[in-house]
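Novice: Got a structure for you, questions after.
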Amino acid sequence: MHRNRILSTIFIITGLFLVFLMLFYLKEKEKPEEEIKQEEITEPEEKSIYEGAVVVVDPGHGGKDPGKVGTAGTLEKDINLLIAMELKPLLEEEGITVVMTREEDISLGNTEADNVKMEDLNERVRLIDGSGCHLAVSIHQNSFQDKSVAGPQVFYYEGSEGGETAANVMQQALNRELSVQSPRSIKANGDYWLLKKTKATLVIAECAFLSNPEEEKLLNEEAYRDRIALALKEGILKYLDVSFSSEENVIY
Ligand SMILES: [Zn+2]
């Protein structure tokens, strides 16, 4: 009799446990999909492969120096800054540390000095070399007497292997992303102050011609500037991939 009671108690407890399990299962199954998705999103993200990479973004000119002026009056310094500010978050999304030479419409260095332009350029050199960057990208717009000349072109310091690699991948990305009809080739230069004076690997990206009315119009459109920023990002990522993949001591 006593044994039977113990057995039936065990039987009831097991039964209740099974019912509880079934209810729990049904409740989990009913959970809305969104809630489950939310749980997935909050899981820790994987570390970016670009974590630790440092890139300088240098919007050319600014403040007292407008740079090139378009036929409709567009100032190069404004376009350069807009593209640079669009590029910055695109790189940060990838885990890259971005150092900006300017984020406002200003001249760099001592603006009271006799040669403001030299002051500005030397301050850029100081910022770029002081950043310990893996790559510096100077953003500019071109100009030429012949108004029909158009398209992006990337410059690098003559003899710089890293500069040539960076210029190549950047040029390809710009040609592809902007669907350039007659693509230009990269160009070595030994005279530009920034290229000559910086120790860092630096490229100058002339994104378009302000002297070309069609390109000037495009540069005033946010969607086109977004495409330029995207191309510059692609070029930068490609350069980081190429330059570090073959090295034994991976910097980042
Ligand atoms: Zn310029």
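Following the order of the structure tokens, chains are lettered A, B, ..., residues in each are numbered from 1, and ligands are numbered from 1.
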Can you pull out every residue within 7 Å of Val98 (chain A), counting only C-alpha atoms, but drop anything in the same chain fewer than 4 positions away, and send it as a list in words?
Specialist: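 Within the cut-off, the hits are Val54, Val55, Val56, Val57, Lys88 and Glu92 of chain A.
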Novice: Save out the residues we just selected, N, CA, C and O atoms, as an mmCIF file, in the first residue's frame.
Specialist:
data_model
loop_
_atom_site.group_PDB
_atom_site.id
_atom_site.type_symbol
_atom_site.label_atom_id
_atom_site.label_comp_id
_atom_site.auth_asym_id
_atom_site.auth_seq_id
_atom_site.Cartn_x
_atom_site.Cartn_y
_atom_site.Cartn_z
ATOM 1 N N VAL A 54 45.199 52.910 -39.450
ATOM 2 C CA VAL A 54 45.001 54.367 -39.340
ATOM 3 C C VAL A 54 45.098 54.985 -40.738
ATOM 4 O O VAL A 54 46.045 54.728 -41.469
ATOM 5 N N VAL A 55 44.094 55.779 -41.082
ATOM 6 C CA VAL A 55 44.063 56.431 -42.396
ATOM 7 C C VAL A 55 43.813 57.930 -42.202
ATOM 8 O O VAL A 55 42.929 58.314 -41.444
ATOM 9 N N VAL A 56 44.628 58.751 -42.862
ATOM 10 C CA VAL A 56 44.402 60.202 -42.828
ATOM 11 C C VAL A 56 43.550 60.590 -44.034
ATOM 12 O O VAL A 56 43.833 60.181 -45.155
ATOM 13 N N VAL A 57 42.502 61.342 -43.783
ATOM 14 C CA VAL A 57 41.690 61.907 -44.862
ATOM 15 C C VAL A 57 41.948 63.414 -44.868
ATOM 16 O O VAL A 57 41.718 64.094 -43.864
ATOM 17 N N LYS A 88 34.603 59.682 -44.142
ATOM 18 C CA LYS A 88 35.010 59.397 -42.751
ATOM 19 C C LYS A 88 34.170 58.276 -42.091
ATOM 20 O O LYS A 88 34.726 57.270 -41.652
ATOM 21 N N GLU A 92 35.167 54.447 -40.763
ATOM 22 C CA GLU A 92 34.996 54.119 -39.334
ATOM 23 C C GLU A 92 34.123 52.879 -39.150
ATOM 24 O O GLU A 92 34.340 52.093 -38.239
#
Novice: Write out, as JSON lines, each residue of chain A that has an atom at most 7 Å from ligand 1, together with the closest pair of atoms and their distance in Å to one decimal, counting only C-alpha atoms and all ligand atoms, rows going by chain and rising number.
Specialist:
{"residue": "A:Gly60", "atom": "CA", "partner": "ligand 1", "partner_atom_place_in_ligand_line": "1 (Zn)", "distance": 5.4}
{"residue": "A:His61", "atom": "CA", "partner": "ligand 1", "partner_atom_place_in_ligand_line": "1 (Zn)", "distance": 6.3}
{"residue": "A:Gly67", "atom": "CA", "partner": "ligand 1", "partner_atom_place_in_ligand_line": "1 (Zn)", "distance": 5.1}
{"residue": "A:Lys68", "atom": "CA", "partner": "ligand 1", "partner_atom_place_in_ligand_line": "1 (Zn)", "distance": 6.3}
{"residue": "A:Glu76", "atom": "CA", "partner": "ligand 1", "partner_atom_place_in_ligand_line": "1 (Zn)", "distance": 6.6}
{"residue": "A:His140", "atom": "CA", "partner": "ligand 1", "partner_atom_place_in_ligand_line": "1 (Zn)", "distance": 4.3}
{"residue": "A:Gln141", "atom": "CA", "partner": "ligand 1", "partner_atom_place_in_ligand_line": "1 (Zn)", "distance": 5.5}
{"residue": "A:Asn142", "atom": "CA", "partner": "ligand 1", "partner_atom_place_in_ligand_line": "1 (Zn)", "distance": 6.5}
Novice: Once you have the residues from the selection above, write them out as a CSV table (one decimal), in the first residue's frame, restricted to N, CA and C atoms.
Specialist:
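Everything below was put into out_2.csv:
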chain,number,residue,atom,x,y,z
A,60,GLY,N,41.6,68.9,-49.4
A,60,GLY,CA,42.5,69.9,-49.8
A,60,GLY,C,41.9,71.3,-49.6
A,61,HIS,N,42.8,72.3,-49.4
A,61,HIS,CA,42.5,73.8,-49.3
A,61,HIS,C,41.6,74.1,-48.1
A,67,GLY,N,41.0,76.9,-53.5
A,67,GLY,CA,41.4,75.9,-54.5
A,67,GLY,C,40.9,76.3,-55.8
A,68,LYS,N,40.5,75.3,-56.7
A,68,LYS,CA,40.0,75.6,-58.0
A,68,LYS,C,38.6,76.2,-57.9
A,76,GLU,N,36.4,74.5,-54.9
A,76,GLU,CA,37.0,73.2,-54.7
A,76,GLU,C,37.0,72.8,-53.2
A,140,HIS,N,41.1,66.2,-53.8
A,140,HIS,CA,41.1,67.5,-54.6
A,140,HIS,C,40.2,67.3,-55.8
A,141,GLN,N,40.0,68.5,-56.4
A,141,GLN,CA,39.3,68.6,-57.7
A,141,GLN,C,40.2,69.3,-58.7
A,142,ASN,N,40.2,68.8,-59.9
A,142,ASN,CA,41.1,69.3,-60.9
A,142,ASN,C,40.5,70.5,-61.8
Novice: Compile the contact shell of region 123-135 of chain A as a PyMOL selection string: residues with an atom at most 8 Å away, counting only C-alpha atoms, same-chain residues fewer than 5 positions apart removed.
Specialist: chain A and resi 53-56+58+99+101+108-109+194+197-202+236+240
Novice: If DSSP is run on the backbone, what residues of region 23-209 of chain A are alpha helix (DSSP H)? A reply as number ranges by chain would be ideal.
Specialist: A: 23-30, 33-41, 76-92, 116-130, 161-177, 193-197
Novice: One decimal, Å: what's the distance from CA of Arg176 (chain A) over to CA of Phe144 (chain A), could you say?
Specialist: 23.0 Å
Novice: Using only C-alpha atoms, determine which residues lie at most 9 Å from Ser182 (chain A), disregarding the query and same-chain residues fewer than 2 positions distant; provide the list as a ChimeraX atom specification.
Specialist: /A:150-151,175,180,184
Novice: Could you tell me which of A:Glu214, A:Glu234, A:Glu119, A:Glu222 comes closest to Met170 (chain A) if we count only C-alpha atoms?
Specialist: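 Checking each of A:Glu214, A:Glu234, A:Glu119, A:Glu222 against Met170 (chain A), counting only C-alpha atoms, the winner is A:Glu234.
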Novice: Which residues, written as a ChimeraX atom specification, have at least one atom at most 8 Å from Ile228 (chain A), with only C-alpha atoms counted and residues fewer than 2 positions away on the same chain left out?
Specialist: /A:83,174,177-178,207,224-226,230-232
Novice: How would the residues just chosen look if you wrote them out with N, CA, C and O atoms as a JSON list (two decimals), in the first residue's frame?
Specialist:
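The resulting file, again_3.json, is shown below:
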[["chain", "number", "residue", "atom", "x", "y", "z"],
["A", 83, "ILE", "N", 33.08, 65.62, -49.56],
["A", 83, "ILE", "CA", 33.45, 64.22, -49.88],
["A", 83, "ILE", "C", 34.18, 63.60, -48.68],
["A", 83, "ILE", "O", 33.88, 62.47, -48.29],
["A", 174, "LEU", "N", 37.79, 54.27, -58.56],
["A", 174, "LEU", "CA", 37.10, 55.47, -59.05],
["A", 174, "LEU", "C", 36.55, 55.25, -60.45],
["A", 174, "LEU", "O", 35.41, 55.59, -60.74],
["A", 177, "GLU", "N", 33.54, 52.72, -60.05],
["A", 177, "GLU", "CA", 32.38, 53.24, -59.30],
["A", 177, "GLU", "C", 31.71, 54.41, -60.02],
["A", 177, "GLU", "O", 30.51, 54.58, -59.94],
["A", 178, "LEU", "N", 32.50, 55.22, -60.74],
["A", 178, "LEU", "CA", 31.94, 56.39, -61.42],
["A", 178, "LEU", "C", 31.65, 56.11, -62.89],
["A", 178, "LEU", "O", 31.29, 57.02, -63.63],
["A", 207, "CYS", "N", 39.35, 64.06, -57.98],
["A", 207, "CYS", "CA", 38.14, 63.26, -58.23],
["A", 207, "CYS", "C", 37.43, 63.62, -59.53],
["A", 207, "CYS", "O", 36.82, 62.77, -60.16],
["A", 224, "TYR", "N", 26.30, 61.81, -56.27],
["A", 224, "TYR", "CA", 27.57, 61.62, -56.98],
["A", 224, "TYR", "C", 28.74, 61.66, -56.00],
["A", 224, "TYR", "O", 29.67, 60.86, -56.11],
["A", 225, "ARG", "N", 28.67, 62.57, -55.05],
["A", 225, "ARG", "CA", 29.74, 62.66, -54.04],
["A", 225, "ARG", "C", 29.78, 61.37, -53.21],
["A", 225, "ARG", "O", 30.84, 60.92, -52.81],
["A", 226, "ASP", "N", 28.60, 60.80, -52.96],
["A", 226, "ASP", "CA", 28.53, 59.51, -52.23],
["A", 226, "ASP", "C", 29.28, 58.43, -53.00],
["A", 226, "ASP", "O", 29.96, 57.61, -52.41],
["A", 230, "LEU", "N", 32.48, 56.37, -51.76],
["A", 230, "LEU", "CA", 32.45, 54.90, -51.77],
["A", 230, "LEU", "C", 33.65, 54.33, -52.54],
["A", 230, "LEU", "O", 34.27, 53.36, -52.11],
["A", 231, "ALA", "N", 33.97, 54.96, -53.67],
["A", 231, "ALA", "CA", 35.12, 54.52, -54.46],
["A", 231, "ALA", "C", 36.42, 54.70, -53.67],
["A", 231, "ALA", "O", 37.27, 53.81, -53.66],
["A", 232, "LEU", "N", 36.55, 55.84, -52.98],
["A", 232, "LEU", "CA", 37.76, 56.09, -52.20],
["A", 232, "LEU", "C", 37.87, 55.06, -51.08],
["A", 232, "LEU", "O", 38.96, 54.54, -50.80]]
Novice: One number please: CA of Glu103 (chain A) to CA of Phe209 (chain A), in Å, one decimal.
Specialist: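 It comes out at 22.6 Å.
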Novice: Among the residues of region 23-179 of chain A, find those DSSP assigns to strand (DSSP E) from the backbone and print them as a CSV table (one decimal) with N, CA and C atoms, in the first residue's frame.
Specialist:
chain,number,residue,atom,x,y,z
A,54,VAL,N,45.2,52.9,-39.4
A,54,VAL,CA,45.0,54.4,-39.3
A,54,VAL,C,45.1,55.0,-40.7
A,55,VAL,N,44.1,55.8,-41.1
A,55,VAL,CA,44.1,56.4,-42.4
A,55,VAL,C,43.8,57.9,-42.2
A,56,VAL,N,44.6,58.8,-42.9
A,56,VAL,CA,44.4,60.2,-42.8
A,56,VAL,C,43.6,60.6,-44.0
A,57,VAL,N,42.5,61.3,-43.8
A,57,VAL,CA,41.7,61.9,-44.9
A,57,VAL,C,41.9,63.4,-44.9
A,58,ASP,N,42.5,63.9,-46.0
A,58,ASP,CA,42.9,65.3,-46.1
A,58,ASP,C,42.1,66.1,-47.2
A,59,PRO,N,41.1,66.8,-46.7
A,59,PRO,CA,40.3,67.6,-47.7
A,59,PRO,C,41.2,68.8,-48.1
A,97,THR,N,40.7,53.7,-37.9
A,97,THR,CA,40.8,55.0,-37.2
A,97,THR,C,41.1,56.0,-38.2
A,98,VAL,N,40.3,57.1,-38.3
A,98,VAL,CA,40.4,58.1,-39.3
A,98,VAL,C,40.9,59.4,-38.6
A,99,VAL,N,42.0,59.9,-39.2
A,99,VAL,CA,42.5,61.2,-38.8
A,99,VAL,C,42.1,62.2,-39.9
A,100,MET,N,41.4,63.3,-39.5
A,100,MET,CA,41.0,64.3,-40.5
A,100,MET,C,42.0,65.5,-40.3
A,135,LEU,N,48.1,55.0,-44.5
A,135,LEU,CA,47.8,55.6,-45.8
A,135,LEU,C,47.2,57.0,-45.5
A,136,ALA,N,47.6,57.9,-46.4
A,136,ALA,CA,46.9,59.3,-46.3
A,136,ALA,C,46.3,59.5,-47.7
A,137,VAL,N,45.1,60.0,-47.7
A,137,VAL,CA,44.4,60.3,-49.0
A,137,VAL,C,44.0,61.8,-49.0
A,138,SER,N,44.6,62.5,-49.9
A,138,SER,CA,44.3,63.9,-50.1
A,138,SER,C,43.3,64.1,-51.2
A,139,ILE,N,42.2,64.8,-50.8
A,139,ILE,CA,41.1,64.9,-51.8
A,139,ILE,C,41.1,66.2,-52.4
A,140,HIS,N,41.1,66.2,-53.8
A,140,HIS,CA,41.1,67.5,-54.6
A,140,HIS,C,40.2,67.3,-55.8
A,141,GLN,N,40.0,68.5,-56.4
A,141,GLN,CA,39.3,68.6,-57.7
A,141,GLN,C,40.2,69.3,-58.7
A,142,ASN,N,40.2,68.8,-59.9
A,142,ASN,CA,41.1,69.3,-60.9
A,142,ASN,C,40.5,70.5,-61.8
A,153,GLN,N,41.7,61.3,-61.5
A,153,GLN,CA,43.1,60.9,-61.7
A,153,GLN,C,43.8,60.9,-60.4
A,154,VAL,N,44.6,59.9,-60.1
A,154,VAL,CA,45.2,59.8,-58.8
A,154,VAL,C,46.7,59.9,-59.0
A,155,PHE,N,47.3,60.7,-58.1
A,155,PHE,CA,48.8,61.0,-58.1
A,155,PHE,C,49.5,60.4,-57.0
A,156,TYR,N,50.7,60.0,-57.2
A,156,TYR,CA,51.5,59.4,-56.1
A,156,TYR,C,53.0,60.0,-56.2
A,157,TYR,N,53.7,59.8,-55.1
A,157,TYR,CA,55.1,60.3,-55.2
A,157,TYR,C,56.0,59.4,-56.0
Novice: Which residue, A:Lys64, A:Lys196, A:Lys47, A:Lys187, has the smallest gap to Ala166 (chain A) when you use only C-alpha atoms?
Specialist: A:Lys187
Novice: What separation in Å, quoted to one decimal, exists between CA of Glu51 (chain A) and CA of Ala84 (chain A)?
Specialist: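 We find that CA of Glu51 (chain A) and CA of Ala84 (chain A) lie 20.1 Å from each other.
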